[in-house]
Amino acid sequence: MLKATQLSVGSRLKPLDLQVGAGECVAVLGPNGAGKSTLLAALAGLLPFRGHVAWQGEDLARIPFLQRGRRLAWLGQESWAEFDFSVRDVVAQGRYAWGEDGRGVEEAMALLDLTHLAQRPVTQLSGGERRRVFLARALTTAAPIQLWDEPASSLDVRHGLEVYALAQRKAAQGSCLLVSLHDIRAAYRFSRVLVLEEGRIQGDGPPHEVLSADLIRRVFRVEATFTTSLVPELPVIRS
């Protein structure tokens with residue numbers, strides 16, 4: 001569903017090949033500056049890049065603007081709100097490419113625990129609440145390709161876990177998701193992990209195979225001890 005060939009962005013992302021199919025939910029890991037956000041933004045067509053990107057088998061450059069909004073949703077790292085639109089109005093913006101028909105708005109707000117905040121101005125929300133609003137907007141697009149850049153940042157434990165579970169459900173329904181993370185432990189909730197370092201792919205595959213003690217040491221510069229006391233093969237990070 002999403003394919004990149006020799007994709008690069010200046011010095012931030014070295015030429016790489018990547019393919020993610022329908023039903024896949026991929027965690028993107030890497031230290032600060034590894035290229036995670038750059039990769040997602042380039043795949044979304046939000047940055048100039050070299051190489052080739054295709055959505056659902058069609059060259060990105062040939063997909064009309066409104067069609068892009070129906071095929072892919074991008075959640076950026078920041079959730080700034082400068083205007084006091086209501087929560088419901090912001091979530092409904094996700095239907096712009098569909099003629100603002102309002103479909104799925106209430107469902108998305110319910111999924112992200114926002115119904116009770118529907119009429120609250122987004123400028124009066126906490127950082128975590130705004131994060132859920134923008135994620136709900138991405139869901140409302142009903143786009144089959146979803147790129148989420150650190151969706152659980154600023155969320156409490158409950159809502160963070162719910163976001164990861166939601167990503168899995170979307171994949172089970174046939175969507176294609178790439179979700180960037182900083183938490184190595186959270187990557188074990190995904191069936192596939194992509195590890196970046198200095199703009200290059202250092203690992204790609206099931207987390208229990210890719211996230212070895214050696215890779216964690218090389219890429220993240222920390223020691224990982226694997227234990228079965230809580231969760232099998234969960235890395236315990238030691239600085």
# chains A, B, ... in the order shown; residues from 1 in each chain; ligands from 1

$ select_by_dssp --residues "range 114-177 of chain A" --states "alpha helix (DSSP H)" --output "short mmCIF file (atom, residue, chain, number, x, y, z; two decimals) with C-alpha atoms, in the first residue's frame"
data_model
loop_
_atom_site.label_atom_id
_atom_site.label_comp_id
_atom_site.auth_asym_id
_atom_site.auth_seq_id
_atom_site.Cartn_x
_atom_site.Cartn_y
_atom_site.Cartn_z
CA GLY A 127 -1.31 19.05 25.81
CA GLY A 128 -2.45 15.45 26.07
CA GLU A 129 -6.06 16.34 25.30
CA ARG A 130 -5.00 18.31 22.21
CA ARG A 131 -2.92 15.33 21.13
CA ARG A 132 -6.01 13.14 21.19
CA VAL A 133 -7.99 15.75 19.25
CA PHE A 134 -5.49 15.80 16.39
CA LEU A 135 -5.31 12.03 16.37
CA ALA A 136 -9.11 11.90 16.16
CA ARG A 137 -8.92 14.26 13.19
CA ALA A 138 -6.53 11.86 11.46
CA LEU A 139 -8.89 8.96 12.10
CA THR A 140 -11.86 10.91 10.77
CA VAL A 157 -0.53 5.79 30.62
CA ARG A 158 -4.13 4.83 29.95
CA HIS A 159 -4.56 6.92 26.81
CA GLY A 160 -1.13 5.98 25.52
CA LEU A 161 -1.97 2.28 25.72
CA GLU A 162 -5.33 2.94 24.07
CA VAL A 163 -3.61 4.66 21.15
CA TYR A 164 -1.36 1.64 20.56
CA ALA A 165 -4.38 -0.68 20.75
CA LEU A 166 -6.24 1.58 18.32
CA ALA A 167 -3.35 1.37 15.85
CA GLN A 168 -3.53 -2.42 16.00
CA ARG A 169 -7.28 -2.39 15.39
CA LYS A 170 -6.89 -0.11 12.38
CA ALA A 171 -4.32 -2.49 10.91
CA ALA A 172 -6.62 -5.47 11.55
#

$ closest_atom_pairs --of "range 36-69 of chain A" --to "range 3-21 of chain A" --cutoff "8 Å" --atoms "only C-alpha atoms" --output "JSON lines"
{"residue": "A:Thr38", "atom": "CA", "partner": "A:Leu13", "partner_atom": "CA", "distance": 7.0}
{"residue": "A:Leu39", "atom": "CA", "partner": "A:Leu13", "partner_atom": "CA", "distance": 7.0}
{"residue": "A:Ala42", "atom": "CA", "partner": "A:Val9", "partner_atom": "CA", "distance": 7.6}
{"residue": "A:Leu43", "atom": "CA", "partner": "A:Ala4", "partner_atom": "CA", "distance": 7.5}
{"residue": "A:Leu47", "atom": "CA", "partner": "A:Val9", "partner_atom": "CA", "distance": 7.9}
{"residue": "A:Pro48", "atom": "CA", "partner": "A:Val9", "partner_atom": "CA", "distance": 7.0}
{"residue": "A:Phe49", "atom": "CA", "partner": "A:Val9", "partner_atom": "CA", "distance": 4.9}
{"residue": "A:Arg50", "atom": "CA", "partner": "A:Ser8", "partner_atom": "CA", "distance": 5.2}
{"residue": "A:Gly51", "atom": "CA", "partner": "A:Leu7", "partner_atom": "CA", "distance": 4.4}
{"residue": "A:His52", "atom": "CA", "partner": "A:Thr5", "partner_atom": "CA", "distance": 5.1}
{"residue": "A:Val53", "atom": "CA", "partner": "A:Ala4", "partner_atom": "CA", "distance": 4.5}
{"residue": "A:Ala54", "atom": "CA", "partner": "A:Lys3", "partner_atom": "CA", "distance": 5.2}
{"residue": "A:Trp55", "atom": "CA", "partner": "A:Lys3", "partner_atom": "CA", "distance": 6.7}
{"residue": "A:Gly57", "atom": "CA", "partner": "A:Lys3", "partner_atom": "CA", "distance": 7.8}

$ select_by_dssp --residues "range 9-225 of chain A" --states "strand (DSSP E)" --output "number ranges by chain"
A: 9, 13-20, 25-29, 50-55, 58-59, 72-75, 145-149, 176-180, 192-197, 200-205, 223-225

$ write_last_selection --atoms "N, CA and C atoms" --output "compact mmCIF listing (two decimals), in the first residue's frame"
# COMPACT_ATOMS: atom_id res chain seq x y z
N VAL A 9 16.24 12.54 1.76
CA VAL A 9 15.95 13.95 2.01
C VAL A 9 17.25 14.59 2.50
N LEU A 13 18.04 12.05 5.55
CA LEU A 13 17.56 10.71 5.25
C LEU A 13 18.34 10.19 4.05
N LYS A 14 19.11 9.13 4.29
CA LYS A 14 19.90 8.53 3.22
C LYS A 14 19.01 7.65 2.36
N PRO A 15 19.41 7.38 1.10
CA PRO A 15 18.56 6.59 0.20
C PRO A 15 18.14 5.26 0.84
N LEU A 16 16.84 5.02 0.88
CA LEU A 16 16.34 3.78 1.47
C LEU A 16 15.15 3.27 0.68
N ASP A 17 14.92 1.99 0.80
CA ASP A 17 13.76 1.33 0.20
C ASP A 17 12.86 0.83 1.33
N LEU A 18 11.56 1.00 1.15
CA LEU A 18 10.63 0.60 2.19
C LEU A 18 9.30 0.24 1.56
N GLN A 19 8.69 -0.82 2.07
CA GLN A 19 7.38 -1.22 1.60
C GLN A 19 6.54 -1.66 2.79
N VAL A 20 5.33 -1.10 2.90
CA VAL A 20 4.41 -1.44 3.98
C VAL A 20 3.07 -1.79 3.35
N CYS A 25 1.13 -2.71 10.76
CA CYS A 25 1.30 -1.62 11.71
C CYS A 25 2.76 -1.63 12.15
N VAL A 26 3.53 -0.66 11.69
CA VAL A 26 4.98 -0.66 11.86
C VAL A 26 5.41 0.41 12.84
N ALA A 27 6.17 0.02 13.85
CA ALA A 27 6.75 0.98 14.79
C ALA A 27 8.07 1.48 14.21
N VAL A 28 8.27 2.79 14.23
CA VAL A 28 9.51 3.40 13.74
C VAL A 28 10.29 3.92 14.94
N LEU A 29 11.45 3.34 15.18
CA LEU A 29 12.27 3.67 16.34
C LEU A 29 13.58 4.31 15.91
N ARG A 50 14.15 13.07 -2.87
CA ARG A 50 14.64 12.37 -4.06
C ARG A 50 14.17 10.93 -3.99
N GLY A 51 14.01 10.31 -5.13
CA GLY A 51 13.55 8.95 -5.17
C GLY A 51 12.09 8.87 -5.58
N HIS A 52 11.44 7.80 -5.20
CA HIS A 52 10.08 7.56 -5.65
C HIS A 52 9.22 7.09 -4.47
N VAL A 53 8.01 7.65 -4.38
CA VAL A 53 7.04 7.25 -3.37
C VAL A 53 5.73 6.93 -4.07
N ALA A 54 5.13 5.80 -3.72
CA ALA A 54 3.85 5.41 -4.30
C ALA A 54 2.86 5.07 -3.19
N TRP A 55 1.63 5.52 -3.38
CA TRP A 55 0.54 5.17 -2.47
C TRP A 55 -0.43 4.28 -3.24
N GLU A 58 0.21 3.92 -6.92
CA GLU A 58 0.22 5.09 -7.80
C GLU A 58 1.27 6.09 -7.34
N ASP A 59 2.02 6.62 -8.30
CA ASP A 59 3.06 7.60 -8.02
C ASP A 59 2.45 8.78 -7.27
N LEU A 72 -4.34 9.30 2.62
CA LEU A 72 -3.33 9.29 3.68
C LEU A 72 -3.61 10.38 4.70
N ALA A 73 -3.41 10.03 5.97
CA ALA A 73 -3.51 11.00 7.06
C ALA A 73 -2.18 11.04 7.80
N TRP A 74 -1.73 12.23 8.11
CA TRP A 74 -0.45 12.43 8.79
C TRP A 74 -0.68 13.16 10.11
N LEU A 75 -0.17 12.60 11.17
CA LEU A 75 -0.21 13.25 12.48
C LEU A 75 1.20 13.71 12.81
N ILE A 145 -4.08 4.86 4.71
CA ILE A 145 -2.68 4.98 5.12
C ILE A 145 -2.61 6.03 6.22
N GLN A 146 -2.08 5.64 7.37
CA GLN A 146 -2.00 6.54 8.52
C GLN A 146 -0.55 6.62 9.00
N LEU A 147 0.00 7.84 9.05
CA LEU A 147 1.36 8.06 9.52
C LEU A 147 1.29 8.91 10.78
N TRP A 148 1.66 8.33 11.92
CA TRP A 148 1.54 9.01 13.21
C TRP A 148 2.92 9.21 13.80
N ASP A 149 3.29 10.46 14.02
CA ASP A 149 4.60 10.80 14.57
C ASP A 149 4.48 11.00 16.08
N CYS A 176 -2.91 0.68 6.70
CA CYS A 176 -1.45 0.63 6.72
C CYS A 176 -0.98 1.75 7.64
N LEU A 177 -0.22 1.40 8.69
CA LEU A 177 0.19 2.41 9.67
C LEU A 177 1.69 2.39 9.90
N LEU A 178 2.28 3.57 9.99
CA LEU A 178 3.64 3.76 10.50
C LEU A 178 3.54 4.68 11.70
N VAL A 179 4.07 4.23 12.83
CA VAL A 179 3.94 4.96 14.08
C VAL A 179 5.32 5.14 14.70
N SER A 180 5.80 6.39 14.79
CA SER A 180 7.12 6.62 15.38
C SER A 180 7.02 6.63 16.89
N ARG A 192 5.92 -5.40 13.68
CA ARG A 192 7.11 -5.06 12.88
C ARG A 192 7.70 -3.77 13.39
N VAL A 193 9.02 -3.70 13.42
CA VAL A 193 9.70 -2.49 13.86
C VAL A 193 10.76 -2.10 12.84
N LEU A 194 10.84 -0.80 12.58
CA LEU A 194 11.84 -0.24 11.68
C LEU A 194 12.74 0.65 12.52
N VAL A 195 14.04 0.37 12.54
CA VAL A 195 14.98 1.12 13.36
C VAL A 195 15.84 2.00 12.47
N LEU A 196 15.86 3.30 12.78
CA LEU A 196 16.66 4.26 12.02
C LEU A 196 17.80 4.81 12.87
N GLU A 197 18.91 5.09 12.22
CA GLU A 197 20.02 5.79 12.86
C GLU A 197 20.72 6.63 11.81
N ARG A 200 19.57 6.18 8.23
CA ARG A 200 19.71 4.87 7.59
C ARG A 200 18.93 3.81 8.36
N ILE A 201 18.41 2.83 7.64
CA ILE A 201 17.71 1.73 8.29
C ILE A 201 18.73 0.77 8.87
N GLN A 202 18.62 0.53 10.18
CA GLN A 202 19.53 -0.39 10.87
C GLN A 202 18.86 -1.72 11.21
N GLY A 203 17.55 -1.79 11.08
CA GLY A 203 16.84 -3.03 11.36
C GLY A 203 15.40 -2.92 10.90
N ASP A 204 14.84 -4.03 10.42
CA ASP A 204 13.48 -4.04 9.93
C ASP A 204 12.94 -5.46 10.05
N GLY A 205 11.92 -5.64 10.91
CA GLY A 205 11.35 -6.97 11.09
C GLY A 205 10.64 -7.07 12.42
N GLU A 223 22.76 -0.16 27.47
CA GLU A 223 22.80 -1.60 27.64
C GLU A 223 21.39 -2.11 27.93
N ALA A 224 21.03 -3.23 27.33
CA ALA A 224 19.72 -3.83 27.54
C ALA A 224 19.89 -5.24 28.10
N THR A 225 19.24 -5.51 29.22
CA THR A 225 19.24 -6.84 29.80
C THR A 225 17.86 -7.44 29.59

$ atom_distance --atom1 "CA of Gln93 in chain A" --atom2 "CA of Ala118 in chain A"
13.5 Å

$ residues_around --residues "Trp98 in chain A" --least-positions-apart "6" --cutoff "10 Å" --atoms "only C-alpha atoms" --output "PDB file with N, CA and C atoms, in the first residue's frame"
ATOM      1  N   LEU A  66      -6.918  16.620  -3.428  1.00  0.00           N
ATOM      2  CA  LEU A  66      -8.015  16.117  -2.618  1.00  0.00           C
ATOM      3  C   LEU A  66      -7.947  14.606  -2.461  1.00  0.00           C
ATOM      4  N   GLN A  67      -7.506  13.918  -3.496  1.00  0.00           N
ATOM      5  CA  GLN A  67      -7.360  12.469  -3.398  1.00  0.00           C
ATOM      6  C   GLN A  67      -6.316  12.094  -2.354  1.00  0.00           C
ATOM      7  N   GLY A  69      -5.805  13.607   0.430  1.00  0.00           N
ATOM      8  CA  GLY A  69      -6.462  13.704   1.726  1.00  0.00           C
ATOM      9  C   GLY A  69      -7.382  12.539   2.024  1.00  0.00           C
ATOM     10  N   ARG A  70      -7.786  11.820   0.994  1.00  0.00           N
ATOM     11  CA  ARG A  70      -8.636  10.651   1.197  1.00  0.00           C
ATOM     12  C   ARG A  70      -7.805   9.378   1.381  1.00  0.00           C
ATOM     13  N   THR A 141     -10.452  11.102   8.789  1.00  0.00           N
ATOM     14  CA  THR A 141     -10.225  11.091   7.345  1.00  0.00           C
ATOM     15  C   THR A 141     -10.620   9.768   6.719  1.00  0.00           C
ATOM     16  N   ALA A 142     -10.602   8.698   7.523  1.00  0.00           N
ATOM     17  CA  ALA A 142     -10.857   7.341   7.025  1.00  0.00           C
ATOM     18  C   ALA A 142      -9.825   6.942   5.975  1.00  0.00           C
TER      19      ALA A 142
END

$ atom_distance --atom1 "CA of Pro121 in chain A" --atom2 "CA of Phe83 in chain A"
8.3 Å

$ decode --residues "range 102-129 of chain A" --atoms "N, CA and C atoms" --output "tab-separated table (two decimals), in the first residue's frame"
chain	number	residue	atom	x	y	z
A	102	GLY	N	-19.05	15.25	7.67
A	102	GLY	CA	-19.23	14.96	9.09
A	102	GLY	C	-19.22	13.49	9.46
A	103	ARG	N	-18.99	12.61	8.50
A	103	ARG	CA	-19.03	11.18	8.80
A	103	ARG	C	-17.86	10.77	9.71
A	104	GLY	N	-18.16	9.96	10.69
A	104	GLY	CA	-17.13	9.40	11.56
A	104	GLY	C	-16.63	10.32	12.65
A	105	VAL	N	-17.13	11.54	12.71
A	105	VAL	CA	-16.64	12.50	13.69
A	105	VAL	C	-16.96	12.05	15.12
A	106	GLU	N	-18.22	11.71	15.35
A	106	GLU	CA	-18.63	11.31	16.70
A	106	GLU	C	-17.92	10.02	17.12
A	107	GLU	N	-17.77	9.10	16.18
A	107	GLU	CA	-17.10	7.84	16.49
A	107	GLU	C	-15.65	8.07	16.88
A	108	ALA	N	-14.95	8.94	16.12
A	108	ALA	CA	-13.55	9.21	16.42
A	108	ALA	C	-13.40	9.87	17.79
A	109	MET	N	-14.30	10.80	18.11
A	109	MET	CA	-14.23	11.45	19.42
A	109	MET	C	-14.46	10.44	20.54
A	110	ALA	N	-15.38	9.51	20.33
A	110	ALA	CA	-15.64	8.49	21.35
A	110	ALA	C	-14.43	7.58	21.53
A	111	LEU	N	-13.79	7.20	20.43
A	111	LEU	CA	-12.62	6.33	20.51
A	111	LEU	C	-11.47	6.97	21.28
A	112	LEU	N	-11.35	8.29	21.16
A	112	LEU	CA	-10.26	9.01	21.82
A	112	LEU	C	-10.70	9.69	23.11
A	113	ASP	N	-11.84	9.31	23.64
A	113	ASP	CA	-12.32	9.83	24.91
A	113	ASP	C	-12.45	11.35	24.89
A	114	LEU	N	-13.11	11.86	23.84
A	114	LEU	CA	-13.24	13.31	23.67
A	114	LEU	C	-14.69	13.80	23.66
A	115	THR	N	-15.63	12.89	23.75
A	115	THR	CA	-17.04	13.28	23.62
A	115	THR	C	-17.43	14.35	24.63
A	116	HIS	N	-16.97	14.21	25.85
A	116	HIS	CA	-17.33	15.18	26.89
A	116	HIS	C	-16.65	16.53	26.70
A	117	LEU	N	-15.70	16.59	25.76
A	117	LEU	CA	-14.99	17.85	25.48
A	117	LEU	C	-15.41	18.45	24.14
A	118	ALA	N	-16.43	17.92	23.51
A	118	ALA	CA	-16.79	18.27	22.13
A	118	ALA	C	-16.91	19.77	21.89
A	119	GLN	N	-17.47	20.51	22.84
A	119	GLN	CA	-17.69	21.94	22.64
A	119	GLN	C	-16.60	22.81	23.28
A	120	ARG	N	-15.61	22.20	23.87
A	120	ARG	CA	-14.53	22.95	24.52
A	120	ARG	C	-13.58	23.51	23.46
A	121	PRO	N	-13.16	24.76	23.55
A	121	PRO	CA	-12.17	25.30	22.61
A	121	PRO	C	-10.85	24.54	22.77
A	122	VAL	N	-10.21	24.20	21.66
A	122	VAL	CA	-8.97	23.43	21.75
A	122	VAL	C	-7.87	24.21	22.45
A	123	THR	N	-7.96	25.53	22.45
A	123	THR	CA	-6.96	26.35	23.12
A	123	THR	C	-7.05	26.23	24.64
A	124	GLN	N	-8.12	25.64	25.13
A	124	GLN	CA	-8.30	25.48	26.57
A	124	GLN	C	-8.04	24.05	27.05
A	125	LEU	N	-7.44	23.26	26.21
A	125	LEU	CA	-7.17	21.87	26.55
A	125	LEU	C	-5.72	21.68	27.01
A	126	SER	N	-5.49	20.60	27.71
A	126	SER	CA	-4.11	20.25	28.08
A	126	SER	C	-3.39	19.71	26.84
A	127	GLY	N	-2.08	19.56	26.94
A	127	GLY	CA	-1.31	19.05	25.81
A	127	GLY	C	-1.75	17.66	25.40
A	128	GLY	N	-2.01	16.80	26.38
A	128	GLY	CA	-2.45	15.45	26.07
A	128	GLY	C	-3.83	15.41	25.44
A	129	GLU	N	-4.72	16.28	25.90
A	129	GLU	CA	-6.06	16.34	25.30
A	129	GLU	C	-5.99	16.82	23.86
